[in-house]
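Peer 1: Input structure: structure_31.txt, which contains compact mmCIF, C-alpha atoms.
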# COMPACT_ATOMS: atom_id res chain seq x y z
CA MET S 1 -79.96 39.28 -21.96
CA PHE S 2 -81.03 39.07 -25.58
CA ASN S 3 -83.00 36.20 -27.08
CA ILE S 4 -80.59 34.04 -29.11
CA LYS S 5 -83.25 31.59 -30.31
CA ARG S 6 -84.35 33.60 -33.35
CA PRO S 7 -80.76 34.50 -34.47
CA LEU S 8 -79.79 30.83 -34.20
CA ILE S 9 -82.78 29.82 -36.35
CA SER S 10 -81.75 32.50 -38.86
CA VAL S 11 -78.21 31.10 -39.02
CA LEU S 12 -79.58 27.57 -39.49
CA PHE S 13 -81.66 28.57 -42.52
CA ILE S 14 -78.81 30.64 -44.00
CA VAL S 15 -76.49 27.64 -43.81
CA ILE S 16 -79.14 25.42 -45.42
CA GLY S 17 -79.69 27.93 -48.20
CA TYR S 18 -75.97 28.47 -48.76
CA THR S 19 -74.90 24.84 -48.83
CA SER S 20 -77.82 23.07 -50.44
CA GLN S 21 -79.51 25.53 -52.79
CA ALA S 22 -76.84 27.13 -54.95
CA GLN S 23 -78.42 25.09 -57.69
CA VAL S 24 -82.14 24.34 -57.51
CA GLN S 25 -82.06 21.05 -55.62
CA GLU S 26 -85.22 19.08 -56.34
CA ASN S 27 -86.46 16.99 -53.43
CA LEU S 28 -89.72 15.64 -54.79
CA LEU S 29 -91.61 12.77 -53.19
CA MET S 30 -93.41 11.83 -56.44
CA GLU S 31 -90.32 12.25 -58.59
CA ARG S 32 -91.17 9.55 -61.12
CA PHE S 33 -94.30 11.54 -62.10
CA ASN S 34 -92.33 14.80 -62.29
CA MET S 35 -89.17 13.50 -63.90
CA ASN S 36 -88.59 16.60 -66.03
CA ALA S 37 -87.65 18.52 -62.87
CA PHE S 38 -84.23 16.87 -63.16
CA ASN S 39 -84.23 15.08 -66.56
CA PRO S 40 -85.06 17.01 -69.77
CA ALA S 41 -85.25 13.72 -71.71
CA TYR S 42 -88.68 13.16 -70.12
CA VAL S 43 -90.17 15.81 -72.44
CA GLY S 44 -92.43 14.11 -75.00
CA SER S 45 -92.08 10.64 -73.48
CA GLU S 46 -95.68 10.80 -72.19
CA GLY S 47 -97.05 12.98 -74.98
CA ARG S 48 -98.47 16.47 -74.57
CA GLU S 49 -99.11 17.39 -70.94
CA VAL S 50 -99.00 20.17 -68.38
CA SER S 51 -98.55 19.83 -64.61
CA PHE S 52 -98.20 21.83 -61.43
CA THR S 53 -96.63 20.62 -58.17
CA THR S 54 -96.32 22.25 -54.77
CA ARG S 55 -94.18 20.87 -51.94
CA SER S 56 -93.63 21.99 -48.35
CA SER S 57 -91.31 20.63 -45.68
CA TRP S 58 -90.98 21.02 -41.91
CA GLN S 59 -94.64 21.97 -41.44
CA GLY S 60 -95.20 24.35 -38.56
CA VAL S 61 -91.73 25.92 -38.82
CA SER S 62 -91.66 29.56 -39.96
CA GLY S 63 -89.58 30.05 -43.10
CA SER S 64 -89.45 26.31 -43.83
CA PRO S 65 -88.59 25.05 -47.36
CA LYS S 66 -91.31 25.42 -49.98
CA MET S 67 -91.22 24.50 -53.65
CA SER S 68 -93.45 25.14 -56.67
CA TYR S 69 -92.94 23.43 -60.01
CA PHE S 70 -94.65 24.06 -63.35
CA PHE S 71 -93.98 21.88 -66.39
CA TYR S 72 -95.19 21.78 -69.99
CA SER S 73 -94.39 19.13 -72.59
CA GLY S 74 -95.31 19.23 -76.27
CA ASN S 75 -96.07 16.32 -78.57
CA PRO S 76 -93.17 14.79 -80.54
CA LYS S 77 -92.75 16.10 -84.10
CA ASN S 78 -90.27 14.24 -86.25
CA ASN S 79 -89.08 12.56 -83.02
CA LEU S 80 -88.28 15.97 -81.46
CA SER S 81 -90.20 17.27 -78.42
CA LEU S 82 -89.99 20.69 -76.77
CA GLY S 83 -91.04 21.74 -73.30
CA ALA S 84 -90.58 24.34 -70.58
CA SER S 85 -90.41 24.37 -66.79
CA VAL S 86 -90.27 26.77 -63.85
CA ILE S 87 -89.01 25.60 -60.45
CA SER S 88 -89.17 27.91 -57.46
CA ASN S 89 -87.56 27.10 -54.10
CA LYS S 90 -87.81 29.28 -51.00
CA VAL S 91 -86.01 28.72 -47.67
CA PHE S 92 -86.33 31.45 -45.03
CA ILE S 93 -84.89 34.63 -46.64
CA ASP S 94 -83.45 32.82 -49.65
CA SER S 95 -85.41 32.08 -52.86
CA ARG S 96 -84.29 30.51 -56.15
CA THR S 97 -86.35 30.36 -59.33
CA GLN S 98 -85.18 28.38 -62.34
CA TYR S 99 -86.59 29.06 -65.82
CA ALA S 100 -85.69 26.50 -68.47
CA VAL S 101 -86.61 25.20 -71.90
CA ASP S 102 -86.15 21.51 -72.72
CA ALA S 103 -85.64 19.52 -75.89
CA SER S 104 -85.77 15.75 -76.25
CA TYR S 105 -85.06 13.49 -79.24
CA GLN S 106 -86.60 10.01 -79.47
CA LEU S 107 -84.76 6.97 -80.84
CA GLU S 108 -86.63 3.71 -81.44
CA MET S 109 -84.68 0.77 -80.01
CA GLY S 110 -87.07 -1.99 -81.13
CA GLY S 111 -89.39 -4.20 -79.13
CA GLY S 112 -91.48 -1.21 -78.01
CA THR S 113 -88.49 0.40 -76.26
CA ASN S 114 -87.49 4.02 -76.90
CA LEU S 115 -84.42 6.02 -75.91
CA PHE S 116 -84.95 9.74 -75.23
CA LEU S 117 -81.97 12.12 -75.18
CA GLY S 118 -82.60 15.58 -73.76
CA VAL S 119 -80.97 18.92 -73.01
CA LYS S 120 -82.06 21.71 -70.65
CA ALA S 121 -81.07 25.38 -70.98
CA GLY S 122 -82.13 28.37 -68.93
CA ALA S 123 -81.24 30.54 -65.97
CA THR S 124 -81.73 30.72 -62.22
CA ASN S 125 -82.68 33.93 -60.47
CA LYS S 126 -81.53 34.04 -56.84
CA LYS S 127 -82.85 36.52 -54.30
CA THR S 128 -81.84 36.85 -50.67
CA ASP S 129 -83.82 39.26 -48.51
CA ILE S 130 -81.05 40.66 -46.31
CA GLU S 131 -83.53 42.88 -44.50
CA GLY S 132 -85.38 39.76 -43.38
CA LEU S 133 -82.51 38.82 -41.05
CA SER S 134 -83.02 39.25 -37.31
CA ARG S 135 -79.87 40.99 -36.12
CA ILE S 136 -78.53 41.51 -32.62
CA THR S 137 -76.99 44.84 -33.67
CA GLU S 138 -77.63 47.32 -36.49
CA VAL S 139 -73.89 47.79 -37.10
CA ALA S 140 -73.03 46.80 -40.69
CA ASN S 141 -71.27 43.47 -41.03
CA PRO S 142 -68.74 43.45 -43.91
CA ALA S 143 -69.00 39.65 -44.06
CA ILE S 144 -72.65 39.91 -45.16
CA SER S 145 -73.31 41.13 -48.69
CA THR S 146 -75.69 44.08 -49.05
CA ASP S 147 -76.91 42.65 -52.39
CA GLY S 148 -78.41 39.18 -52.21
CA ASN S 149 -79.49 39.00 -55.86
CA ALA S 150 -77.84 37.10 -58.71
CA ILE S 151 -78.59 35.40 -62.03
CA PHE S 152 -76.63 32.44 -63.39
CA PRO S 153 -77.08 30.10 -66.37
CA VAL S 154 -78.40 26.54 -66.36
CA PHE S 155 -77.39 23.84 -68.82
CA GLY S 156 -78.08 20.15 -68.28
CA PHE S 157 -78.69 16.91 -70.10
CA GLY S 158 -80.23 13.50 -69.55
CA ALA S 159 -81.27 10.17 -71.03
CA LEU S 160 -84.40 8.07 -70.55
CA LEU S 161 -84.80 4.46 -71.68
CA LYS S 162 -88.48 3.58 -71.59
CA SER S 163 -90.87 0.76 -72.52
CA GLU S 164 -94.30 -0.31 -71.32
CA LYS S 165 -92.70 -2.46 -68.59
CA PHE S 166 -89.75 -0.40 -67.33
CA TYR S 167 -87.89 2.92 -67.40
CA ILE S 168 -84.30 3.94 -66.60
CA SER S 169 -83.37 7.60 -66.19
CA ALA S 170 -79.96 9.28 -65.77
CA SER S 171 -79.33 13.01 -65.79
CA ILE S 172 -77.34 16.04 -64.68
CA PRO S 173 -79.83 18.94 -64.57
CA ASN S 174 -77.08 21.58 -64.44
CA PHE S 175 -73.34 21.02 -64.77
CA LEU S 176 -72.46 24.75 -64.61
CA ASN S 177 -71.05 25.92 -61.27
CA PRO S 178 -73.09 29.01 -60.19
CA VAL S 179 -70.17 30.61 -58.35
CA LYS S 180 -68.32 31.11 -61.67
CA PHE S 181 -71.05 33.36 -63.07
CA VAL S 182 -71.63 35.90 -60.30
CA LYS S 183 -69.61 38.92 -59.20
CA ASP S 184 -70.45 38.58 -55.52
CA ASN S 185 -70.64 34.96 -54.36
CA ALA S 186 -72.13 35.73 -50.94
CA PHE S 187 -74.97 33.26 -50.29
CA ILE S 188 -73.86 31.19 -53.31
CA SER S 189 -71.59 28.20 -52.77
CA SER S 190 -69.22 26.49 -55.15
CA GLU S 191 -71.14 23.41 -56.17
CA LYS S 192 -70.28 20.37 -58.26
CA PRO S 193 -73.18 19.04 -60.35
CA PRO S 194 -75.40 16.37 -58.76
CA ILE S 195 -76.34 13.23 -60.70
CA TYR S 196 -79.90 11.86 -60.69
CA LEU S 197 -80.65 8.18 -61.29
CA LEU S 198 -84.12 6.64 -61.39
CA ALA S 199 -85.45 3.22 -62.41
CA GLY S 200 -88.76 1.43 -62.12
CA THR S 201 -90.88 -1.33 -63.56
CA SER S 202 -94.51 -2.40 -63.89
CA ILE S 203 -95.59 -5.91 -62.91
CA ASP S 204 -99.01 -7.32 -63.80
CA THR S 205 -100.55 -9.08 -60.80
CA GLY S 206 -103.26 -10.86 -62.79
CA VAL S 207 -105.89 -9.67 -60.30
CA PHE S 208 -108.61 -7.23 -61.49
CA GLY S 209 -106.25 -5.50 -63.92
CA SER S 210 -103.94 -4.31 -61.12
CA LYS S 211 -100.17 -3.74 -61.26
CA LEU S 212 -97.26 -3.35 -58.86
CA LYS S 213 -94.90 -0.50 -59.71
CA PRO S 214 -91.69 -0.56 -57.65
CA PHE S 215 -88.97 2.08 -58.16
CA ILE S 216 -85.58 3.19 -56.85
CA SER S 217 -83.84 6.54 -57.25
CA ALA S 218 -80.54 8.05 -56.21
CA LYS S 219 -79.27 11.61 -56.04
CA LEU S 220 -75.46 11.65 -56.01
CA ILE S 221 -74.19 14.90 -54.51
CA PRO S 222 -70.42 15.54 -54.74
CA ASP S 223 -68.97 16.67 -51.40
CA GLY S 224 -72.42 16.10 -49.86
CA GLN S 225 -74.72 13.40 -48.58
CA ASN S 226 -76.08 11.10 -51.28
CA GLN S 227 -79.79 10.28 -51.15
CA THR S 228 -81.58 7.06 -52.06
CA HIS S 229 -85.34 6.72 -52.41
CA ILE S 230 -86.97 3.29 -52.67
CA GLY S 231 -90.67 2.50 -52.84
CA GLY S 232 -93.58 1.60 -55.06
CA THR S 233 -97.30 1.81 -55.73
CA PHE S 234 -100.24 -0.50 -56.29
CA ASP S 235 -102.10 0.53 -59.46
CA PHE S 236 -105.75 -0.49 -59.77
CA LYS S 237 -106.99 -0.42 -63.38
CA ASP S 238 -104.97 2.72 -64.15
CA THR S 239 -107.42 4.79 -62.11
CA LEU S 240 -106.01 4.65 -58.57
CA GLU S 241 -102.48 4.28 -57.23
CA ILE S 242 -101.60 3.90 -53.57
CA GLY S 243 -98.11 3.43 -52.21
CA GLY S 244 -95.14 4.93 -50.42
CA GLY S 245 -91.41 4.93 -50.01
CA TYR S 246 -88.42 5.55 -47.80
CA LYS S 247 -85.58 8.03 -48.23
CA SER S 248 -82.11 7.36 -46.85
CA ILE S 249 -82.08 10.80 -45.17
CA GLY S 250 -84.56 9.44 -42.64
CA TYR S 251 -88.01 10.11 -44.06
CA SER S 252 -90.86 7.77 -45.01
CA ASN S 253 -93.74 8.79 -47.26
CA ILE S 254 -97.18 7.66 -48.38
CA LEU S 255 -99.08 8.77 -51.48
CA ILE S 256 -102.33 8.42 -53.42
CA ILE S 257 -102.94 9.21 -57.10
CA ILE S 258 -106.30 9.44 -58.85
CA LYS S 259 -106.34 9.24 -62.67
CA THR S 260 -109.30 9.97 -64.93
CA LYS S 261 -110.14 8.72 -68.42
CA PHE S 262 -110.02 12.25 -69.88
CA GLY S 263 -106.37 12.85 -68.95
CA LEU S 264 -106.55 14.61 -65.57
CA SER S 265 -104.55 13.21 -62.64
CA ALA S 266 -104.30 14.47 -59.07
CA ALA S 267 -102.04 13.24 -56.29
CA TYR S 268 -101.16 13.83 -52.66
CA ALA S 269 -98.09 12.65 -50.75
CA TYR S 270 -97.12 13.03 -47.10
CA ASP S 271 -93.69 12.45 -45.58
CA PHE S 272 -92.67 12.11 -41.96
CA GLY S 273 -89.68 11.11 -39.87
CA ILE S 274 -86.47 12.29 -38.27
CA PRO S 275 -83.71 13.13 -40.79
CA ASN S 276 -80.47 11.22 -40.16
CA GLY S 277 -81.77 10.07 -36.79
CA GLU S 278 -81.35 13.57 -35.29
CA SER S 279 -84.08 14.86 -33.01
CA ALA S 280 -83.58 18.55 -33.92
CA VAL S 281 -86.05 18.35 -36.82
CA THR S 282 -89.07 16.07 -36.55
CA ARG S 283 -91.46 17.99 -38.79
CA SER S 284 -93.43 16.47 -41.62
CA GLY S 285 -94.23 17.76 -45.11
CA ASN S 286 -96.56 17.21 -48.01
CA GLU S 287 -96.69 17.37 -51.78
CA ILE S 288 -99.59 17.92 -54.18
CA PHE S 289 -99.60 17.73 -57.93
CA VAL S 290 -102.14 18.08 -60.72
CA LYS S 291 -101.40 16.91 -64.26
CA PHE S 292 -103.41 17.08 -67.47
CA ARG S 293 -102.56 15.06 -70.56
CA PHE S 294 -104.00 16.45 -73.80
Could the structure of this file be written out as structure tokens, please?
Peer 2:
Amino acid sequence: MFNIKRPLISVLFIVIGYTSQAQVQENLLMERFNMNAFNPAYVGSEGREVSFTTRSSWQGVSGSPKMSYFFYSGNPKNNLSLGASVISNKVFIDSRTQYAVDASYQLEMGGGTNLFLGVKAGATNKKTDIEGLSRITEVANPAISTDGNAIFPVFGFGALLKSEKFYISASIPNFLNPVKFVKDNAFISSEKPPIYLLAGTSIDTGVFGSKLKPFISAKLIPDGQNQTHIGGTFDFKDTLEIGGGYKSIGYSNILIIIKTKFGLSAAYAYDFGIPNGESAVTRSGNEIFVKFRF
């Protein structure tokens, strides 16, 4: 009798990688602080800054999803801001790295409100380590491609309406279907572009300079399960934020953010729960980011 546990785990991760990562699907906990991951209009809206984020899911599971995200934003010049980002996702034997440049144009709407319109252009490099599969037999399977590598273009756009009291974001980070740009579509699915929506506000409490900052976001995935994230933070004198949220896929999260006067911010978030009420996956994850504003 052979051990089927490892092959079954391999199949599970392959299915996850095939169905949910043809495009780089961002699943950030602190998305409102890393908005450029899915909305290029965010570039320049907070001035010149650089940030790095790392995220892991299903802690304790070998080959579990891991993400790294680097972002740079320049200062606006003549209302135009430029930036760049790198997003890397890895799930079991499958890895996707997106390289993109971003441009955002600012329009003054009056009353301290600005509208930012942005575009994102770049490419995603996909690698699948076929040799990393645990096989029952060494006989070649014609259904499995011998080349798991591919490169396909990225082109997206977004809009951000922002004032001191609120923000509303809407974007499609990539409306190009990856399957149309590769010769061998093994390990790449045909995917319609997801839509990202995010809105939040800031409410003065009148107590020791503190604020309440509720938010709600939605990721609309055609032919897939939509996701909603609702939560908020308590901001004390723009130096400490503590809060949390709940995602409709069955996870809750808590977070803490420390901000300094010289532009450096650091944050940690932790999520836990049972996705969709199923007991097969009960692992937790975490997210860390560091940001510096020049």
Peer 1: Using all atoms listed in the file, which of the listed residues (S:Phe294, S:Asp235, S:Lys211, S:Gly243) sits closest to Lys261 in chain S?
Peer 2: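 Among the listed residues, S:Phe294 lies closest to Lys261 in chain S.
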Peer 1: Need the neighbours of (-100.1, 22.1, -60.7): which residues are at most 6 Å away, counting all atoms listed in the file, as a PDB file with C-alpha atoms, in the coordinates of the input?
Peer 2:
ATOM      1  CA  SER S  51     -98.550  19.830 -64.610  1.00  0.00           C
ATOM      2  CA  PHE S  52     -98.200  21.830 -61.430  1.00  0.00           C
ATOM      3  CA  THR S  53     -96.630  20.620 -58.170  1.00  0.00           C
ATOM      4  CA  PHE S 289     -99.600  17.730 -57.930  1.00  0.00           C
ATOM      5  CA  VAL S 290    -102.140  18.080 -60.720  1.00  0.00           C
TER       6      VAL S 290
END
Peer 1: Counting only C-alpha atoms, what is within 8 Å of Gly83 in chain S, bar same-chain residues fewer than 3 positions away, as a PyMOL selection string?
Peer 2: chain S and resi 43-44+71-74+101-103
Peer 1: I want to know what sits within 7 Å of Pro193 in chain S, based on all atoms listed in the file, with residues of the same chain fewer than 2 positions away left out; could you give that as number ranges by chain?
Peer 2: S: 172, 174-175, 191, 195
Peer 1: Selected residues, C-alpha atoms, written as a JSON list (two decimals), in the coordinates of the input, please.
Peer 2:
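What follows is the written file part35.json:
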[["chain", "number", "residue", "atom", "x", "y", "z"],
["S", 172, "ILE", "CA", -77.34, 16.04, -64.68],
["S", 174, "ASN", "CA", -77.08, 21.58, -64.44],
["S", 175, "PHE", "CA", -73.34, 21.02, -64.77],
["S", 191, "GLU", "CA", -71.14, 23.41, -56.17],
["S", 195, "ILE", "CA", -76.34, 13.23, -60.70]]
Peer 1: Within 9 Å of range 248-252 of chain S, counting all atoms listed in the file, which residues qualify if same-chain residues fewer than 6 places away don't, as a list in words?
Peer 2: Gln225, Asn226, Gln227, Thr228, His229, Ile230, Tyr270, Asp271, Phe272, Gly273, Ile274, Pro275, Asn276, Gly277 and Ser284 of chain S
Peer 1: For Asn36 in chain S, which residue among S:Leu115, S:Ala159, S:Ile203, S:Ala266 is the nearest when counting all atoms listed in the file?
Peer 2: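 The shortest atom-to-atom distance to Asn36 in chain S comes from S:Ala159.
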Peer 1: In Å to one decimal, how far is CA of Arg293 in chain S from CA of Val50 in chain S?
Peer 2: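 Computed distance, CA of Val50 in chain S to CA of Arg293 in chain S, equals 6.6 Å.
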Peer 1: Using CA of Asn286 in chain S and CA of Gly244 in chain S as the two end points, give the distance in Å to one decimal.
Peer 2: 12.6 Å
Peer 1: Determine the nearest neighbour of Ala41 in chain S from the options S:Leu82, S:Ile87, S:Ile258, S:Leu160, counting all atoms listed in the file.
Peer 2: S:Leu160
